[in-house]
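Taking it in order: structure first as structure tokens, then the write-up.
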Amino acid sequence: DFIRFARGISAVPIIILSARSEEQDKVAALDLGANDYVTKPFGTAELMARMRAALRSRRSELSGTVRQKFTLYDLTIDYDKRQVSLSGEVIPFTQTEYNIVALLSVHAGRVMTYAEIIREIWGWNDSGSIKKLQVNMANIRKKLGVKPGDNQYILNELGVGYRMNAELEIG
């Protein structure tokens, strides 16, 4: 009920702090509009970083300005050209892979549930499509040269979804 109430307050990001760590609790809160879900125990530094990321994301949404590029470490996404480059070299993404990376970057710092991503990319709600999403994410990571366990660009929130790192977001 709180999430439904808080969604009406457009300038306020919603971060759920909870001792409940069941996957269905996280998914339900995120699907209802929470920007993040943090389970106990958590450190103050982690909570502060998540708050900064949520506020950056919300400011970007509210500003109404369309960013031309997203930069994170050596990764650059040029929205006008629909290109992703790594250290200046263009990565040959498929249309679907580009759409996933661009979607995550627009919402950098915010956990996007599997259902949200599937709905945005393929236009339907189908839990069977999670495997299709996971295959695309594996291809994206491979093309970015990311080794298993390396969370430099895209973080996997196990059982929930994905989050584009936002700590060094520029542009």
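Just remember, in the structure tokens the first chain shown is A, the second B, etc., residues are 1-based per chain, and ligands are 1-based in the order shown.
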Counting only C-alpha atoms, which residues of segment 71-125 of chain A fall within 10 Å of segment 17-29 of chain A, and what is the closest atom pair for each with its distance in Å at one decimal, ordered by chain and rising number, as a tab-separated table?
```
residue	atom	partner	partner_atom	distance
A:Met112	CA	A:Val27	CA	9.6
A:Thr113	CA	A:Val27	CA	6.8
A:Tyr114	CA	A:Val27	CA	8.9
A:Ala115	CA	A:Val27	CA	8.9
```
Considering only C-alpha atoms, return as a CSV table (one decimal) with N, CA and C atoms, in the first residue's frame whatever protein or nucleic-acid residues lie within 12 Å of segment 85-97 of chain A, sequence-local ones (same chain, fewer than 5 positions apart) excluded.
```
chain,number,residue,atom,x,y,z
A,69,LYS,N,24.4,10.7,-24.9
A,69,LYS,CA,25.3,9.6,-24.7
A,69,LYS,C,25.3,9.2,-23.2
A,70,PHE,N,25.7,8.0,-23.0
A,70,PHE,CA,25.8,7.4,-21.6
A,70,PHE,C,27.3,6.9,-21.6
A,71,THR,N,28.0,7.3,-20.5
A,71,THR,CA,29.4,6.8,-20.4
A,71,THR,C,29.6,6.2,-19.0
A,72,LEU,N,30.2,5.0,-19.0
A,72,LEU,CA,30.5,4.3,-17.8
A,72,LEU,C,31.8,3.6,-18.0
A,73,TYR,N,32.8,4.1,-17.2
A,73,TYR,CA,34.2,3.6,-17.4
A,73,TYR,C,34.6,3.8,-18.9
A,74,ASP,N,34.9,2.7,-19.6
A,74,ASP,CA,35.3,2.9,-21.0
A,74,ASP,C,34.2,2.5,-22.0
A,75,LEU,N,33.0,2.3,-21.4
A,75,LEU,CA,31.8,2.0,-22.2
A,75,LEU,C,31.0,3.3,-22.6
A,76,THR,N,30.7,3.5,-23.8
A,76,THR,CA,29.9,4.6,-24.3
A,76,THR,C,28.8,4.1,-25.1
A,77,ILE,N,27.6,4.7,-24.8
A,77,ILE,CA,26.4,4.4,-25.6
A,77,ILE,C,26.0,5.7,-26.2
A,78,ASP,N,26.0,5.7,-27.6
A,78,ASP,CA,25.6,6.9,-28.3
A,78,ASP,C,24.1,6.6,-28.8
A,79,TYR,N,23.2,7.2,-28.2
A,79,TYR,CA,21.8,7.0,-28.5
A,79,TYR,C,21.4,7.4,-29.9
A,102,ALA,N,20.7,-0.2,-23.9
A,102,ALA,CA,20.2,1.2,-23.9
A,102,ALA,C,19.1,1.3,-22.8
A,103,LEU,N,18.2,0.4,-22.7
A,103,LEU,CA,17.1,0.4,-21.7
A,103,LEU,C,17.8,0.5,-20.3
A,104,LEU,N,18.7,-0.4,-20.0
A,104,LEU,CA,19.4,-0.5,-18.7
A,104,LEU,C,20.1,0.8,-18.4
A,117,ILE,N,11.9,-5.6,-18.2
A,117,ILE,CA,12.7,-5.6,-19.4
A,117,ILE,C,12.1,-6.4,-20.5
A,118,ILE,N,11.5,-7.5,-20.2
A,118,ILE,CA,10.8,-8.3,-21.3
A,118,ILE,C,9.6,-7.5,-21.9
A,120,GLU,N,9.4,-4.2,-22.0
A,120,GLU,CA,9.9,-3.1,-22.8
A,120,GLU,C,10.5,-3.5,-24.1
A,121,ILE,N,11.2,-4.6,-24.1
A,121,ILE,CA,12.0,-5.1,-25.2
A,121,ILE,C,11.1,-5.9,-26.2
A,122,TRP,N,10.3,-6.8,-25.7
A,122,TRP,CA,9.5,-7.7,-26.6
A,122,TRP,C,8.0,-7.4,-26.6
A,132,LYS,N,15.2,-16.3,-22.8
A,132,LYS,CA,15.6,-15.5,-23.9
A,132,LYS,C,16.4,-14.2,-23.5
A,133,LEU,N,15.9,-13.6,-22.4
A,133,LEU,CA,16.6,-12.4,-21.9
A,133,LEU,C,18.0,-12.8,-21.4
A,134,GLN,N,18.1,-13.9,-20.6
A,134,GLN,CA,19.4,-14.4,-20.1
A,134,GLN,C,20.4,-14.7,-21.2
A,135,VAL,N,19.9,-15.3,-22.3
A,135,VAL,CA,20.8,-15.6,-23.4
A,135,VAL,C,21.3,-14.3,-24.0
A,136,ASN,N,20.4,-13.3,-24.2
A,136,ASN,CA,20.9,-12.0,-24.7
A,136,ASN,C,21.9,-11.4,-23.8
A,137,MET,N,21.6,-11.5,-22.5
A,137,MET,CA,22.6,-10.9,-21.5
A,137,MET,C,23.9,-11.6,-21.6
A,138,ALA,N,23.9,-12.9,-21.7
A,138,ALA,CA,25.2,-13.6,-21.9
A,138,ALA,C,26.0,-13.1,-23.1
A,139,ASN,N,25.2,-12.9,-24.2
A,139,ASN,CA,25.9,-12.4,-25.4
A,139,ASN,C,26.4,-11.0,-25.3
A,140,ILE,N,25.6,-10.2,-24.6
A,140,ILE,CA,26.1,-8.8,-24.3
A,140,ILE,C,27.4,-8.8,-23.5
A,141,ARG,N,27.4,-9.6,-22.4
A,141,ARG,CA,28.6,-9.7,-21.6
A,141,ARG,C,29.8,-10.2,-22.3
A,142,LYS,N,29.5,-11.2,-23.2
A,142,LYS,CA,30.6,-11.8,-24.0
A,142,LYS,C,31.2,-10.7,-24.9
A,143,LYS,N,30.3,-9.9,-25.6
A,143,LYS,CA,30.8,-8.9,-26.5
A,143,LYS,C,31.5,-7.8,-25.8
A,144,LEU,N,31.1,-7.5,-24.5
A,144,LEU,CA,31.8,-6.5,-23.7
A,144,LEU,C,33.1,-7.0,-23.1
A,145,GLY,N,33.4,-8.3,-23.3
A,145,GLY,CA,34.6,-8.9,-22.7
A,145,GLY,C,34.5,-9.1,-21.2
A,146,VAL,N,33.3,-9.2,-20.7
A,146,VAL,CA,33.1,-9.4,-19.3
A,146,VAL,C,33.2,-10.8,-18.9
A,153,TYR,N,29.9,-3.3,-15.5
A,153,TYR,CA,28.8,-2.5,-16.3
A,153,TYR,C,27.4,-2.9,-15.8
```
Checklist entry - Counting only C-alpha atoms, which of A:Asp150, A:Gln68, A:Arg110, A:Lys81 gets nearest to Val38 of chain A? => result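 Selected residue with least distance to Val38 of chain A: A:Arg110.
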Checklist entry - In segment 17-167 of chain A, what's strand (DSSP E) per DSSP? Answer as a PyMOL selection string? => result chain A and resi 17-18+36-39+69-72+75-78+83-86+89-91+112-113+154-157+161-164
Item to check | Which residue of A:Val101, A:Ile154, A:Ile16, A:Lys147 approaches Leu30 of chain A most closely, using only C-alpha atoms | outcome: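 The answer is A:Ile16, which sits nearest to Leu30 of chain A.
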Next on the checklist: Among segment 18-142 of chain A, which residues does DSSP mark as helix (DSSP H, G or I) when it is run on the backbone? Keep the chain and numbering as in the structure and answer as an MDAnalysis selection string.
Outcome noted: chainID A and resid 23:31 44:63 95:106 114:122 127:142
Output C-alpha atoms for every residue in that selection, as a PDB file, in the first residue's frame.
```
ATOM      1  CA  GLU A  23      12.374 -13.430  -4.354  1.00  0.00           C
ATOM      2  CA  GLN A  24       8.603 -12.930  -4.652  1.00  0.00           C
ATOM      3  CA  ASP A  25       8.721 -10.047  -2.130  1.00  0.00           C
ATOM      4  CA  LYS A  26      11.457  -8.288  -4.123  1.00  0.00           C
ATOM      5  CA  VAL A  27       9.754  -8.836  -7.469  1.00  0.00           C
ATOM      6  CA  ALA A  28       6.367  -7.673  -6.152  1.00  0.00           C
ATOM      7  CA  ALA A  29       7.824  -4.457  -4.688  1.00  0.00           C
ATOM      8  CA  LEU A  30       9.805  -3.652  -7.841  1.00  0.00           C
ATOM      9  CA  ASP A  31       6.860  -4.454 -10.122  1.00  0.00           C
ATOM     10  CA  THR A  44      25.695   2.403   5.200  1.00  0.00           C
ATOM     11  CA  ALA A  45      27.979   2.964   2.193  1.00  0.00           C
ATOM     12  CA  GLU A  46      25.912   0.588   0.041  1.00  0.00           C
ATOM     13  CA  LEU A  47      22.658   2.245   1.090  1.00  0.00           C
ATOM     14  CA  MET A  48      24.042   5.714   0.381  1.00  0.00           C
ATOM     15  CA  ALA A  49      25.285   4.604  -3.074  1.00  0.00           C
ATOM     16  CA  ARG A  50      21.860   3.149  -3.891  1.00  0.00           C
ATOM     17  CA  MET A  51      20.190   6.390  -2.738  1.00  0.00           C
ATOM     18  CA  ARG A  52      22.520   8.484  -4.932  1.00  0.00           C
ATOM     19  CA  ALA A  53      21.817   6.229  -7.909  1.00  0.00           C
ATOM     20  CA  ALA A  54      18.041   6.427  -7.365  1.00  0.00           C
ATOM     21  CA  LEU A  55      18.181  10.212  -7.072  1.00  0.00           C
ATOM     22  CA  ARG A  56      20.310  10.526 -10.234  1.00  0.00           C
ATOM     23  CA  SER A  57      17.880   8.337 -12.113  1.00  0.00           C
ATOM     24  CA  ARG A  58      14.866  10.307 -10.840  1.00  0.00           C
ATOM     25  CA  ARG A  59      16.478  13.678 -11.653  1.00  0.00           C
ATOM     26  CA  SER A  60      17.174  12.444 -15.172  1.00  0.00           C
ATOM     27  CA  GLU A  61      13.544  11.334 -15.593  1.00  0.00           C
ATOM     28  CA  LEU A  62      12.174  14.609 -14.240  1.00  0.00           C
ATOM     29  CA  SER A  63      14.481  16.905 -16.183  1.00  0.00           C
ATOM     30  CA  GLN A  95      19.119  -4.750 -32.406  1.00  0.00           C
ATOM     31  CA  THR A  96      17.785  -6.627 -29.374  1.00  0.00           C
ATOM     32  CA  GLU A  97      21.121  -6.511 -27.537  1.00  0.00           C
ATOM     33  CA  TYR A  98      21.409  -2.767 -28.179  1.00  0.00           C
ATOM     34  CA  ASN A  99      17.831  -2.204 -26.980  1.00  0.00           C
ATOM     35  CA  ILE A 100      18.546  -4.070 -23.716  1.00  0.00           C
ATOM     36  CA  VAL A 101      21.779  -2.162 -23.027  1.00  0.00           C
ATOM     37  CA  ALA A 102      20.161   1.187 -23.891  1.00  0.00           C
ATOM     38  CA  LEU A 103      17.135   0.438 -21.679  1.00  0.00           C
ATOM     39  CA  LEU A 104      19.355  -0.462 -18.718  1.00  0.00           C
ATOM     40  CA  SER A 105      21.496   2.648 -19.238  1.00  0.00           C
ATOM     41  CA  VAL A 106      18.495   4.972 -19.312  1.00  0.00           C
ATOM     42  CA  TYR A 114      12.956  -9.465 -15.700  1.00  0.00           C
ATOM     43  CA  ALA A 115       9.266  -8.702 -16.354  1.00  0.00           C
ATOM     44  CA  GLU A 116       9.931  -4.976 -16.916  1.00  0.00           C
ATOM     45  CA  ILE A 117      12.743  -5.649 -19.362  1.00  0.00           C
ATOM     46  CA  ILE A 118      10.778  -8.289 -21.266  1.00  0.00           C
ATOM     47  CA  ARG A 119       7.752  -5.994 -21.492  1.00  0.00           C
ATOM     48  CA  GLU A 120       9.889  -3.078 -22.767  1.00  0.00           C
ATOM     49  CA  ILE A 121      11.969  -5.095 -25.242  1.00  0.00           C
ATOM     50  CA  TRP A 122       9.527  -7.689 -26.575  1.00  0.00           C
ATOM     51  CA  SER A 127       7.865 -15.625 -17.731  1.00  0.00           C
ATOM     52  CA  GLY A 128       9.159 -18.135 -20.310  1.00  0.00           C
ATOM     53  CA  SER A 129      10.976 -15.244 -21.981  1.00  0.00           C
ATOM     54  CA  ILE A 130      13.381 -14.965 -19.048  1.00  0.00           C
ATOM     55  CA  LYS A 131      15.599 -17.558 -20.720  1.00  0.00           C
ATOM     56  CA  LYS A 132      15.622 -15.476 -23.918  1.00  0.00           C
ATOM     57  CA  LEU A 133      16.638 -12.432 -21.868  1.00  0.00           C
ATOM     58  CA  GLN A 134      19.379 -14.394 -20.085  1.00  0.00           C
ATOM     59  CA  VAL A 135      20.779 -15.620 -23.407  1.00  0.00           C
ATOM     60  CA  ASN A 136      20.878 -12.046 -24.721  1.00  0.00           C
ATOM     61  CA  MET A 137      22.570 -10.856 -21.513  1.00  0.00           C
ATOM     62  CA  ALA A 138      25.198 -13.602 -21.855  1.00  0.00           C
ATOM     63  CA  ASN A 139      25.862 -12.440 -25.442  1.00  0.00           C
ATOM     64  CA  ILE A 140      26.082  -8.801 -24.302  1.00  0.00           C
ATOM     65  CA  ARG A 141      28.579  -9.665 -21.566  1.00  0.00           C
ATOM     66  CA  LYS A 142      30.642 -11.764 -23.982  1.00  0.00           C
TER      67      LYS A 142
END
```
Checklist entry - For the atom pair atom CA of His107 of chain A and atom CA of Asp36 of chain A, what is the interatomic distance in Å to one decimal place? => result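 Taking atom CA of His107 of chain A and atom CA of Asp36 of chain A, their separation equals 11.5 Å.
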